[in-house]
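Colleague: Below are the structure tokens for one structure; questions will follow.
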There are 2 protein chains.
Amino acid sequence: MTTQRDIARTAGVSVAVVSAVINGTAHTRMSEATRARVIQAMESLDYQPNQAARSLRLNRTGMIALILHKLDNPVYADLLRGVYGAAAERGDTVLLGDAEMMRSGSQFVTRLLSQGTVDGILIRDDSLFDDKVLAELRSHPKPILSLDYAQDHPWVGIDDCRAGEIATRFLLNLRHRRIVFIGGATGHAFQQRYLGYQQEMRQAGLEPAPHLATGFGEQAGADGLRQALQLPAAPTAVVVNNIMGAVGVLAAARDLGISVPDQLSVVGIHDVGLMEHLRPAVTAVRMPMYELGQAGVHALYELMAGRPSTNGIITGPDPELIVRDSATTNPT
Amino acid sequence: MTTQRDIARTAGVSVAVVSAVINGTAHTRMSEATRARVIQAMESLDYQPNQAARSLRLNRTGMIALILHKLDNPVYADLLRGVYGAAAERGDTVLLGDAEMMRSGSQFVTRLLSQGTVDGILIRDDSLFDDKVLAELRSHPKPILSLDYAQDHPWVGIDDCRAGEIATRFLLNLRHRRIVFIGGATGHAFQQRYLGYQQEMRQAGLEPAPHLATGFGEQAGADGLRQALQLPAAPTAVVVNNIMGAVGVLAAARDLGISVPDQLSVVGIHDVGLMEHLRPAVTAVRMPMYELGQAGVHALYELMAGRPSTNGIITGPDPELIVRDSATTNPT
DNA sequence: CTTAGGTGACGTATCGTTAATTCACCGTAG
DNA sequence: CTACGGTGAATTAACGATACGTCACCTAAG
């Protein structure tokens, strides 16, 4: 393991100069010749700085944590890219964790709480966290920011209400009247989407259907549809809270002999590549997850710099309707 | 930021004792009373050890890197769980990276190459890596292990050949004769699966169809099926190299008016929860990805301990056929 | 000729933790 | 009474990188 000391010896200078060459320190100066000799020595000895020593000295690790609820939820793919990208721009690395690991006392939490592990923490879906863990994290000396509305700490988010509106309005414009909202259960994001649905329904002079809170994932969509069909008047269209639920809706419809979109129109919130490849391809509201990730990192950096962050919905692309084949004009 | 020094002052002992209490060092002894006082002080001051200092001193970070090709590929979900689980058992943390970030000179690679960042590296699908990056990683002082066959460094893998056999034999048993193998392009895993397919075909006295190397992902499945239908004799069944390709196969079949499974049987390699929710639900060969993750971590620990690792296919569950609805008896 | 100021570089304390070494004290065996 | 071993703890030297304080040397201005 080559250290600055080795470089210094080889180049015939002190470690101070080596460090200065590496960091471009203005304080310690050196001639061009010396700098060249140092660089030469670093290359020939294949020097790699020791991050641990650096972190200790600088009290800064160059690593931020990102904690998601279900890592393998495809809606996070873009978010990840946004976060990794924004962090990389600044030379930082991302430590990714799943909320499942975030049990109080777990190895991962202990690690996060330690000094000298990460410079800041980004979390998504904190409503799913153990309250105790959240309290622990908030007592962490490093800043923490939520990628969704949060009551007690800084946050940035996307316009979930608008997404609910867009999906609902689209179906209303297709002359649907009996539209239900399926899936989800807890969490601010879901509540906002349902709110958007309610607002649009009322504005169209319609009574919003009660929320069929069947949870998240494929099965939730299937369950939701089955419940919806029990309603006094069967719906002609559904808004699916979480896009993966749309897969379940399609499956249940198929199983029940309901043709999509002819007998039932489906619109999902969030978009993932998979939807294009389902049959029928699913119409969805694309959320700016990449931008959310970027904005989150930038806001976190503000906090890390000691500046207050502005909480709220990110400025940037609005949710956008991606029209595919799962919704059509209401025939009745 | 509370340090051991603060604890020591509060408890009226030296930092050596504090460290000994924390680490249970046998060498430095103390009375029960002293230990209790130290623990009390740690709690009241909310002490959290500084990982950076620890890493520097111990020359060990308690972090291993895991590098995958496409983080959001759902087949990795179980692998992730296996890796995180096995690492957590030992108190270690996982730094997750995507191969996309692994460009030579990229921030992430530089970081990995640094001393004091990770204690070892786990990679999957190194055939997709830049050769230069791979060379750099191999020159890394910390061990590196591949979760797939590798020529030049330690590896553990799963039985891809067997998976190809299982899928093919299943279709043969359903009296299919014109079976094609779709998807994939490069990589040892794919080659092995195709090999398994070929072996079974030959054993059944049939000529294996040439490989339709259309790549990975949903679109690859669709493309593969379209190509397969151009063959002199249209297939009655397909083995899909990568399970997400099955989604595309289903879509293309639908678009072309081919009924699955009545006119075309489909079996995918790898299994993900989604397959259960497609219609028809997709018959798939489940690979022991969780166990691969575990085995990989354990093998990496062997290397880290300076012991040689045994390369090869993990002992443990065989690939397992999950029968669903996308394959049926060949009517002809 | 003296000296101020610039240039180029060195020495060293420090970050927090760990582990080897040292040390003081006490009771007891010889 | 002395020597010795055990107990409970303090001192101190790293680990590698960084930044502050310092200093020697040279040049040019007064």
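Residue numbering restarts at 1 in every chain; chains get A, B, ... in the order shown in the structure tokens, and ligands count up from 1 in that same order.
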Kindly provide the residues of chain A that approach chain D to within 9 Å, each paired with its closest atom pair and their distance in Å to one decimal, based on only C-alpha atoms (C1' of nucleotides), listed by chain and increasing number, as a Markdown table.
Modeller:
| residue | atom | partner | partner_atom | distance |
| --- | --- | --- | --- | --- |
| A:Thr3 | CA | D:DG16 | C1' | 6.9 |
| A:Gln4 | CA | D:DG16 | C1' | 7.6 |
| A:Arg5 | CA | D:DG16 | C1' | 8.6 |
| A:Val15 | CA | D:DA17 | C1' | 9.0 |
| A:Ala16 | CA | D:DT18 | C1' | 8.0 |
| A:Ser19 | CA | D:DT18 | C1' | 7.1 |
| A:Ala20 | CA | D:DT18 | C1' | 8.7 |
| A:Thr25 | CA | D:DA19 | C1' | 9.0 |
| A:His27 | CA | D:DA19 | C1' | 8.2 |
| A:Thr28 | CA | D:DA19 | C1' | 8.9 |
| A:Pro49 | CA | D:DA17 | C1' | 8.3 |
| A:Asn50 | CA | D:DG16 | C1' | 6.6 |
| A:Gln51 | CA | D:DA17 | C1' | 8.9 |
| A:Ala52 | CA | D:DG16 | C1' | 8.1 |
| A:Ala53 | CA | D:DG16 | C1' | 5.0 |
| A:Arg54 | CA | D:DA17 | C1' | 5.4 |
| A:Ser55 | CA | D:DA17 | C1' | 8.8 |
| A:Leu56 | CA | D:DA17 | C1' | 8.5 |
| A:Arg57 | CA | D:DA17 | C1' | 6.5 |
| A:Leu58 | CA | D:DT18 | C1' | 7.6 |
Colleague: Can you pull out the residues contacting B:Pro143? Cut-off 12 Å, using only C-alpha atoms (C1' of nucleotides), and skip same-chain residues under 3 positions away; I want them as a PyMOL selection string.
Modeller: chain B and resi 64-65+112-113+118-123+137-140+146+153-155+297+299-309
Colleague: Output, as an mmCIF file with C-alpha atoms, in the first residue's frame, the coordinates of chain B following least-squares superposition onto chain A across all in-order C-alpha pairs.
Modeller:
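Just written: selection.cif:
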data_model
loop_
_atom_site.group_PDB
_atom_site.id
_atom_site.type_symbol
_atom_site.label_atom_id
_atom_site.label_comp_id
_atom_site.auth_asym_id
_atom_site.auth_seq_id
_atom_site.Cartn_x
_atom_site.Cartn_y
_atom_site.Cartn_z
ATOM 1 C CA MET B 1 0.004 -0.017 0.027
ATOM 2 C CA THR B 2 1.615 3.141 -1.254
ATOM 3 C CA THR B 3 1.133 6.206 0.876
ATOM 4 C CA GLN B 4 2.038 9.817 0.500
ATOM 5 C CA ARG B 5 5.128 9.089 2.554
ATOM 6 C CA ASP B 6 6.363 6.684 -0.094
ATOM 7 C CA ILE B 7 5.740 9.241 -2.792
ATOM 8 C CA ALA B 8 7.543 11.857 -0.772
ATOM 9 C CA ARG B 9 10.561 9.635 -0.294
ATOM 10 C CA THR B 10 10.692 8.703 -3.960
ATOM 11 C CA ALA B 11 10.296 12.268 -5.150
ATOM 12 C CA GLY B 12 12.635 13.609 -2.506
ATOM 13 C CA VAL B 13 10.107 15.971 -1.000
ATOM 14 C CA SER B 14 8.014 16.140 2.140
ATOM 15 C CA VAL B 15 4.527 14.670 2.471
ATOM 16 C CA ALA B 16 3.170 18.198 2.723
ATOM 17 C CA VAL B 17 4.182 18.835 -0.841
ATOM 18 C CA VAL B 18 2.651 15.590 -2.007
ATOM 19 C CA SER B 19 -0.603 16.474 -0.339
ATOM 20 C CA ALA B 20 -0.462 19.937 -1.859
ATOM 21 C CA VAL B 21 0.074 18.520 -5.328
ATOM 22 C CA ILE B 22 -2.892 16.219 -4.900
ATOM 23 C CA ASN B 23 -5.244 18.814 -3.519
ATOM 24 C CA GLY B 24 -3.951 21.810 -5.419
ATOM 25 C CA THR B 25 -3.536 23.606 -2.126
ATOM 26 C CA ALA B 26 -2.694 27.236 -2.692
ATOM 27 C CA HIS B 27 -1.021 27.601 0.617
ATOM 28 C CA THR B 28 1.907 25.294 0.074
ATOM 29 C CA ARG B 29 3.676 26.270 -3.126
ATOM 30 C CA MET B 30 6.137 24.356 -5.214
ATOM 31 C CA SER B 31 8.051 24.709 -8.443
ATOM 32 C CA GLU B 32 6.811 23.132 -11.626
ATOM 33 C CA ALA B 33 9.747 20.753 -11.554
ATOM 34 C CA THR B 34 8.871 19.535 -8.094
ATOM 35 C CA ARG B 35 5.244 19.090 -8.973
ATOM 36 C CA ALA B 36 6.237 17.052 -12.005
ATOM 37 C CA ARG B 37 8.509 14.859 -9.937
ATOM 38 C CA VAL B 38 5.723 14.206 -7.460
ATOM 39 C CA ILE B 39 3.239 13.335 -10.157
ATOM 40 C CA GLN B 40 5.769 11.060 -11.771
ATOM 41 C CA ALA B 41 6.363 9.309 -8.464
ATOM 42 C CA MET B 42 2.639 8.908 -7.877
ATOM 43 C CA GLU B 43 2.218 7.262 -11.213
ATOM 44 C CA SER B 44 5.161 4.955 -10.981
ATOM 45 C CA LEU B 45 4.142 3.822 -7.507
ATOM 46 C CA ASP B 46 0.469 3.620 -8.474
ATOM 47 C CA TYR B 47 -0.616 5.752 -5.581
ATOM 48 C CA GLN B 48 -4.239 5.683 -4.451
ATOM 49 C CA PRO B 49 -5.282 7.953 -1.620
ATOM 50 C CA ASN B 50 -6.613 6.383 1.535
ATOM 51 C CA GLN B 51 -10.206 7.418 1.931
ATOM 52 C CA ALA B 52 -10.374 6.491 5.570
ATOM 53 C CA ALA B 53 -7.540 8.824 6.469
ATOM 54 C CA ARG B 54 -9.009 11.520 4.315
ATOM 55 C CA SER B 55 -12.420 11.171 5.908
ATOM 56 C CA LEU B 56 -10.950 11.313 9.354
ATOM 57 C CA ARG B 57 -8.938 14.408 8.625
ATOM 58 C CA LEU B 58 -11.597 16.257 6.664
ATOM 59 C CA ASN B 59 -14.536 15.100 8.722
ATOM 60 C CA ARG B 60 -16.296 14.335 5.477
ATOM 61 C CA THR B 61 -16.605 11.027 3.699
ATOM 62 C CA GLY B 62 -17.850 11.931 0.255
ATOM 63 C CA MET B 63 -20.655 9.439 0.647
ATOM 64 C CA ILE B 64 -24.373 9.981 1.048
ATOM 65 C CA ALA B 65 -26.924 7.363 1.996
ATOM 66 C CA LEU B 66 -30.085 6.718 0.027
ATOM 67 C CA ILE B 67 -32.751 4.660 1.700
ATOM 68 C CA LEU B 68 -35.689 3.340 -0.264
ATOM 69 C CA HIS B 69 -38.545 1.154 0.678
ATOM 70 C CA LYS B 70 -38.313 -1.594 -1.902
ATOM 71 C CA LEU B 71 -35.122 -1.416 -3.835
ATOM 72 C CA ASP B 72 -36.448 -3.595 -6.586
ATOM 73 C CA ASN B 73 -39.487 -1.470 -7.280
ATOM 74 C CA PRO B 74 -38.858 -0.441 -10.875
ATOM 75 C CA VAL B 75 -40.234 3.049 -10.296
ATOM 76 C CA TYR B 76 -37.034 3.734 -8.396
ATOM 77 C CA ALA B 77 -34.781 3.040 -11.349
ATOM 78 C CA ASP B 78 -34.880 6.632 -12.551
ATOM 79 C CA LEU B 79 -34.652 7.985 -9.048
ATOM 80 C CA LEU B 80 -31.497 6.007 -8.522
ATOM 81 C CA ARG B 81 -30.017 7.334 -11.705
ATOM 82 C CA GLY B 82 -30.822 10.882 -10.674
ATOM 83 C CA VAL B 83 -29.296 10.476 -7.255
ATOM 84 C CA TYR B 84 -26.192 8.647 -8.411
ATOM 85 C CA GLY B 85 -25.716 11.130 -11.215
ATOM 86 C CA ALA B 86 -26.004 14.230 -9.082
ATOM 87 C CA ALA B 87 -23.756 12.747 -6.434
ATOM 88 C CA ALA B 88 -21.164 11.679 -8.980
ATOM 89 C CA GLU B 89 -21.047 15.183 -10.416
ATOM 90 C CA ARG B 90 -19.692 16.283 -7.113
ATOM 91 C CA GLY B 91 -17.412 13.314 -6.739
ATOM 92 C CA ASP B 92 -19.577 11.647 -4.157
ATOM 93 C CA THR B 93 -20.654 8.061 -3.763
ATOM 94 C CA VAL B 94 -24.053 6.704 -2.777
ATOM 95 C CA LEU B 95 -24.653 4.099 -0.120
ATOM 96 C CA LEU B 96 -27.921 2.411 -0.918
ATOM 97 C CA GLY B 97 -30.097 0.850 1.718
ATOM 98 C CA ASP B 98 -33.518 -0.699 1.884
ATOM 99 C CA ALA B 99 -36.028 0.312 4.492
ATOM 100 C CA GLU B 100 -36.293 -3.347 5.408
ATOM 101 C CA MET B 101 -32.824 -3.049 6.839
ATOM 102 C CA MET B 102 -33.831 -0.046 8.860
ATOM 103 C CA ARG B 103 -34.833 -1.781 12.014
ATOM 104 C CA SER B 104 -33.645 -0.102 15.143
ATOM 105 C CA GLY B 105 -30.420 -1.664 16.252
ATOM 106 C CA SER B 106 -29.793 -3.234 12.884
ATOM 107 C CA GLN B 107 -26.328 -3.304 11.557
ATOM 108 C CA PHE B 108 -27.167 -0.842 8.826
ATOM 109 C CA VAL B 109 -28.733 1.747 11.079
ATOM 110 C CA THR B 110 -25.889 1.536 13.542
ATOM 111 C CA ARG B 111 -23.549 2.130 10.707
ATOM 112 C CA LEU B 112 -25.453 5.117 9.454
ATOM 113 C CA LEU B 113 -25.556 6.623 12.875
ATOM 114 C CA SER B 114 -21.833 6.281 13.287
ATOM 115 C CA GLN B 115 -19.704 9.274 12.650
ATOM 116 C CA GLY B 116 -17.630 9.170 9.547
ATOM 117 C CA THR B 117 -19.866 6.921 7.492
ATOM 118 C CA VAL B 118 -21.975 9.272 5.384
ATOM 119 C CA ASP B 119 -22.235 13.023 5.047
ATOM 120 C CA GLY B 120 -25.996 13.075 4.690
ATOM 121 C CA ILE B 121 -29.047 10.879 4.348
ATOM 122 C CA LEU B 122 -31.781 10.781 1.742
ATOM 123 C CA ILE B 123 -34.891 8.782 2.522
ATOM 124 C CA ARG B 124 -38.020 7.954 0.597
ATOM 125 C CA ASP B 125 -41.282 6.812 2.101
ATOM 126 C CA ASP B 126 -40.509 7.476 5.698
ATOM 127 C CA SER B 127 -44.051 6.602 6.648
ATOM 128 C CA LEU B 128 -42.907 3.025 6.326
ATOM 129 C CA PHE B 129 -40.115 3.483 8.806
ATOM 130 C CA ASP B 130 -40.032 2.450 12.361
ATOM 131 C CA ASP B 131 -40.636 5.618 14.392
ATOM 132 C CA LYS B 132 -37.769 4.823 16.668
ATOM 133 C CA VAL B 133 -35.363 4.556 13.751
ATOM 134 C CA LEU B 134 -36.588 7.840 12.369
ATOM 135 C CA ALA B 135 -36.004 9.540 15.690
ATOM 136 C CA GLU B 136 -32.520 8.094 15.820
ATOM 137 C CA LEU B 137 -31.781 9.295 12.329
ATOM 138 C CA ARG B 138 -33.016 12.748 13.075
ATOM 139 C CA SER B 139 -30.720 12.977 16.046
ATOM 140 C CA HIS B 140 -27.897 12.213 13.658
ATOM 141 C CA PRO B 141 -25.493 15.114 13.357
ATOM 142 C CA LYS B 142 -25.560 14.865 9.579
ATOM 143 C CA PRO B 143 -28.509 16.270 7.666
ATOM 144 C CA ILE B 144 -31.392 14.110 6.593
ATOM 145 C CA LEU B 145 -33.797 14.886 3.798
ATOM 146 C CA SER B 146 -36.940 13.138 2.707
ATOM 147 C CA LEU B 147 -37.810 12.610 -0.947
ATOM 148 C CA ASP B 148 -41.450 12.941 -0.083
ATOM 149 C CA TYR B 149 -43.484 15.204 2.144
ATOM 150 C CA ALA B 150 -42.294 15.048 5.738
ATOM 151 C CA GLN B 151 -43.624 16.769 8.771
ATOM 152 C CA ASP B 152 -40.588 16.972 10.922
ATOM 153 C CA HIS B 153 -37.638 17.428 8.662
ATOM 154 C CA PRO B 154 -36.575 18.867 5.323
ATOM 155 C CA TRP B 155 -38.106 17.363 2.216
ATOM 156 C CA VAL B 156 -38.543 17.724 -1.507
ATOM 157 C CA GLY B 157 -41.221 15.966 -3.472
ATOM 158 C CA ILE B 158 -43.070 15.617 -6.722
ATOM 159 C CA ASP B 159 -46.578 16.699 -7.502
ATOM 160 C CA ASP B 160 -48.577 13.606 -6.647
ATOM 161 C CA CYS B 161 -51.846 15.500 -6.470
ATOM 162 C CA ARG B 162 -51.340 16.684 -10.010
ATOM 163 C CA ALA B 163 -50.672 13.121 -11.124
ATOM 164 C CA GLY B 164 -54.000 12.057 -9.673
ATOM 165 C CA GLU B 165 -55.680 14.919 -11.466
ATOM 166 C CA ILE B 166 -54.066 14.160 -14.791
ATOM 167 C CA ALA B 167 -55.021 10.507 -14.731
ATOM 168 C CA THR B 168 -58.580 11.268 -13.673
ATOM 169 C CA ARG B 169 -59.109 14.125 -16.082
ATOM 170 C CA PHE B 170 -57.899 11.978 -18.932
ATOM 171 C CA LEU B 171 -60.508 9.373 -18.118
ATOM 172 C CA LEU B 172 -63.185 12.046 -17.672
ATOM 173 C CA ASN B 173 -62.323 13.435 -21.067
ATOM 174 C CA LEU B 174 -62.879 9.967 -22.441
ATOM 175 C CA ARG B 175 -66.414 10.353 -21.063
ATOM 176 C CA HIS B 176 -65.970 7.930 -18.228
ATOM 177 C CA ARG B 177 -68.172 8.665 -15.243
ATOM 178 C CA ARG B 178 -67.771 5.707 -12.965
ATOM 179 C CA ILE B 179 -64.079 5.922 -12.161
ATOM 180 C CA VAL B 180 -62.533 4.340 -9.111
ATOM 181 C CA PHE B 181 -59.188 4.794 -7.470
ATOM 182 C CA ILE B 182 -57.376 1.580 -6.594
ATOM 183 C CA GLY B 183 -54.420 0.639 -4.458
ATOM 184 C CA GLY B 184 -52.207 2.323 -1.922
ATOM 185 C CA ALA B 185 -52.905 2.493 1.762
ATOM 186 C CA THR B 186 -50.729 4.870 3.695
ATOM 187 C CA GLY B 187 -48.323 7.594 2.865
ATOM 188 C CA HIS B 188 -48.552 11.139 1.764
ATOM 189 C CA ALA B 189 -47.899 10.398 -1.910
ATOM 190 C CA PHE B 190 -50.903 8.138 -2.119
ATOM 191 C CA GLN B 191 -53.129 10.596 -0.245
ATOM 192 C CA GLN B 192 -52.213 13.358 -2.626
ATOM 193 C CA ARG B 193 -52.966 11.248 -5.663
ATOM 194 C CA TYR B 194 -56.313 10.291 -4.263
ATOM 195 C CA LEU B 195 -56.947 13.936 -3.460
ATOM 196 C CA GLY B 196 -56.236 14.863 -7.063
ATOM 197 C CA TYR B 197 -58.679 12.197 -8.159
ATOM 198 C CA GLN B 198 -61.352 13.503 -5.798
ATOM 199 C CA GLN B 199 -60.895 17.094 -6.911
ATOM 200 C CA GLU B 200 -61.300 16.247 -10.557
ATOM 201 C CA MET B 201 -64.313 14.087 -9.904
ATOM 202 C CA ARG B 202 -66.040 16.811 -7.923
ATOM 203 C CA GLN B 203 -65.181 19.402 -10.486
ATOM 204 C CA ALA B 204 -66.890 17.203 -13.048
ATOM 205 C CA GLY B 205 -69.921 17.073 -10.784
ATOM 206 C CA LEU B 206 -69.333 13.468 -9.830
ATOM 207 C CA GLU B 207 -69.095 11.808 -6.476
ATOM 208 C CA PRO B 208 -65.633 10.294 -5.939
ATOM 209 C CA ALA B 209 -65.735 6.627 -5.124
ATOM 210 C CA PRO B 210 -64.359 5.591 -1.750
ATOM 211 C CA HIS B 211 -60.780 4.609 -1.857
ATOM 212 C CA LEU B 212 -60.091 0.910 -2.289
ATOM 213 C CA ALA B 213 -56.949 0.739 -0.212
ATOM 214 C CA THR B 214 -55.540 -2.585 -1.227
ATOM 215 C CA GLY B 215 -51.876 -1.768 -0.810
ATOM 216 C CA PHE B 216 -48.946 -1.874 -3.186
ATOM 217 C CA GLY B 217 -47.743 -4.186 -5.895
ATOM 218 C CA GLU B 218 -49.311 -6.436 -8.488
ATOM 219 C CA GLN B 219 -51.585 -8.310 -6.148
ATOM 220 C CA ALA B 220 -52.953 -5.038 -4.804
ATOM 221 C CA GLY B 221 -54.145 -4.122 -8.276
ATOM 222 C CA ALA B 222 -55.923 -7.413 -8.718
ATOM 223 C CA ASP B 223 -57.558 -7.170 -5.311
ATOM 224 C CA GLY B 224 -58.573 -3.595 -5.974
ATOM 225 C CA LEU B 225 -60.306 -4.444 -9.206
ATOM 226 C CA ARG B 226 -62.201 -7.316 -7.636
ATOM 227 C CA GLN B 227 -63.384 -5.021 -4.890
ATOM 228 C CA ALA B 228 -64.342 -2.357 -7.391
ATOM 229 C CA LEU B 229 -66.561 -4.791 -9.199
ATOM 230 C CA GLN B 230 -68.520 -5.356 -6.004
ATOM 231 C CA LEU B 231 -69.601 -1.729 -5.992
ATOM 232 C CA PRO B 232 -73.295 -1.024 -6.676
ATOM 233 C CA ALA B 233 -72.394 0.344 -10.096
ATOM 234 C CA ALA B 234 -69.395 -1.290 -11.713
ATOM 235 C CA PRO B 235 -66.700 1.161 -12.831
ATOM 236 C CA THR B 236 -65.815 1.682 -16.437
ATOM 237 C CA ALA B 237 -62.390 2.999 -15.589
ATOM 238 C CA VAL B 238 -59.781 2.768 -12.857
ATOM 239 C CA VAL B 239 -56.882 4.889 -11.732
ATOM 240 C CA VAL B 240 -54.201 2.691 -10.237
ATOM 241 C CA ASN B 241 -52.242 4.313 -7.460
ATOM 242 C CA ASN B 242 -49.026 2.497 -8.086
ATOM 243 C CA ILE B 243 -48.108 1.435 -11.558
ATOM 244 C CA MET B 244 -47.183 -2.134 -10.677
ATOM 245 C CA GLY B 245 -50.739 -2.511 -9.504
ATOM 246 C CA ALA B 246 -51.775 -2.075 -13.135
ATOM 247 C CA VAL B 247 -50.243 -5.446 -13.901
ATOM 248 C CA GLY B 248 -52.584 -6.995 -11.378
ATOM 249 C CA VAL B 249 -55.549 -5.085 -12.730
ATOM 250 C CA LEU B 250 -54.855 -6.403 -16.196
ATOM 251 C CA ALA B 251 -54.484 -9.934 -14.885
ATOM 252 C CA ALA B 252 -57.680 -9.811 -12.845
ATOM 253 C CA ALA B 253 -59.599 -8.305 -15.741
ATOM 254 C CA ARG B 254 -58.376 -11.088 -17.964
ATOM 255 C CA ASP B 255 -59.299 -13.703 -15.406
ATOM 256 C CA LEU B 256 -62.783 -12.215 -15.036
ATOM 257 C CA GLY B 257 -63.330 -11.970 -18.760
ATOM 258 C CA ILE B 258 -63.325 -8.188 -18.768
ATOM 259 C CA SER B 259 -61.737 -6.720 -21.845
ATOM 260 C CA VAL B 260 -59.267 -3.869 -21.423
ATOM 261 C CA PRO B 261 -59.746 -1.239 -22.714
ATOM 262 C CA ASP B 262 -63.107 -2.033 -24.305
ATOM 263 C CA GLN B 263 -64.952 -2.735 -21.082
ATOM 264 C CA LEU B 264 -62.522 -1.190 -18.662
ATOM 265 C CA SER B 265 -60.045 1.633 -19.046
ATOM 266 C CA VAL B 266 -56.915 1.604 -16.928
ATOM 267 C CA VAL B 267 -54.499 4.415 -16.131
ATOM 268 C CA GLY B 268 -51.571 3.964 -13.786
ATOM 269 C CA ILE B 269 -49.589 6.483 -11.815
ATOM 270 C CA HIS B 270 -45.830 6.316 -12.313
ATOM 271 C CA ASP B 271 -44.376 4.890 -15.454
ATOM 272 C CA VAL B 272 -41.899 2.117 -16.039
ATOM 273 C CA GLY B 273 -40.550 0.613 -19.238
ATOM 274 C CA LEU B 274 -42.444 -2.579 -18.629
ATOM 275 C CA MET B 275 -45.786 -0.892 -19.322
ATOM 276 C CA GLU B 276 -44.920 -0.466 -22.944
ATOM 277 C CA HIS B 277 -44.514 -4.199 -23.260
ATOM 278 C CA LEU B 278 -47.707 -5.325 -21.614
ATOM 279 C CA ARG B 279 -50.793 -6.045 -23.701
ATOM 280 C CA PRO B 280 -52.592 -3.825 -23.754
ATOM 281 C CA ALA B 281 -49.732 -1.404 -23.190
ATOM 282 C CA VAL B 282 -50.605 0.605 -20.122
ATOM 283 C CA THR B 283 -51.386 4.313 -20.230
ATOM 284 C CA ALA B 284 -49.529 5.903 -17.356
ATOM 285 C CA VAL B 285 -48.620 9.187 -15.739
ATOM 286 C CA ARG B 286 -44.882 9.523 -15.830
ATOM 287 C CA MET B 287 -43.455 11.120 -12.701
ATOM 288 C CA PRO B 288 -40.177 13.053 -12.836
ATOM 289 C CA MET B 289 -38.289 10.640 -10.651
ATOM 290 C CA TYR B 290 -34.912 11.335 -12.171
ATOM 291 C CA GLU B 291 -35.320 15.012 -11.469
ATOM 292 C CA LEU B 292 -36.540 14.254 -7.964
ATOM 293 C CA GLY B 293 -33.335 12.362 -7.321
ATOM 294 C CA GLN B 294 -31.241 15.213 -8.611
ATOM 295 C CA ALA B 295 -33.162 17.835 -6.684
ATOM 296 C CA GLY B 296 -32.930 15.750 -3.545
ATOM 297 C CA VAL B 297 -29.184 15.511 -3.764
ATOM 298 C CA HIS B 298 -28.837 19.215 -4.409
ATOM 299 C CA ALA B 299 -31.100 20.096 -1.512
ATOM 300 C CA LEU B 300 -29.117 17.754 0.692
ATOM 301 C CA TYR B 301 -25.935 19.517 -0.323
ATOM 302 C CA GLU B 302 -27.482 22.805 0.716
ATOM 303 C CA LEU B 303 -28.197 21.347 4.114
ATOM 304 C CA MET B 304 -24.722 19.915 4.341
ATOM 305 C CA ALA B 305 -23.339 23.355 3.624
ATOM 306 C CA GLY B 306 -25.296 24.644 6.581
ATOM 307 C CA ARG B 307 -27.791 26.522 4.481
ATOM 308 C CA PRO B 308 -31.485 25.999 5.055
ATOM 309 C CA SER B 309 -33.234 24.021 2.347
ATOM 310 C CA THR B 310 -36.460 25.075 0.759
ATOM 311 C CA ASN B 311 -38.987 22.357 1.326
ATOM 312 C CA GLY B 312 -41.538 21.625 -1.308
ATOM 313 C CA ILE B 313 -42.368 20.219 -4.660
ATOM 314 C CA ILE B 314 -39.540 20.389 -7.124
ATOM 315 C CA THR B 315 -39.759 22.845 -9.934
ATOM 316 C CA GLY B 316 -39.241 20.976 -13.115
ATOM 317 C CA PRO B 317 -41.150 18.724 -15.375
ATOM 318 C CA ASP B 318 -44.773 18.169 -14.451
ATOM 319 C CA PRO B 319 -46.165 14.682 -14.323
ATOM 320 C CA GLU B 320 -46.796 13.692 -17.902
ATOM 321 C CA LEU B 321 -49.441 11.440 -19.367
ATOM 322 C CA ILE B 322 -48.054 8.692 -21.562
ATOM 323 C CA VAL B 323 -50.945 7.526 -23.677
ATOM 324 C CA ARG B 324 -50.867 3.877 -24.627
ATOM 325 C CA ASP B 325 -53.612 1.362 -25.169
ATOM 326 C CA SER B 326 -55.222 0.576 -21.844
ATOM 327 C CA ALA B 327 -57.737 3.409 -21.867
ATOM 328 C CA THR B 328 -60.318 4.331 -24.460
ATOM 329 C CA THR B 329 -63.540 6.269 -24.879
ATOM 330 C CA ASN B 330 -66.409 5.143 -22.728
ATOM 331 C CA PRO B 331 -68.883 3.544 -25.155
ATOM 332 C CA THR B 332 -71.956 3.993 -22.959
#
Colleague: At a cut-off of 12 Å, list the chain C residues touching chain A, using only C-alpha atoms (C1' of nucleotides), as a VMD selection string.
Modeller: chain C and resid 6 to 17
Colleague: Which residues in stretch 190-309 of chain A does DSSP call alpha helix (DSSP H)? List them as an MDAnalysis selection string.
Modeller: chainID A and resid 190:203 218:228 243:255 289:304
Colleague: Which of stretch 54-94 of chain A end up as strand (DSSP E) when DSSP is run on this backbone - answer as a PyMOL selection string?
Modeller: chain A and resi 63-68+93-94
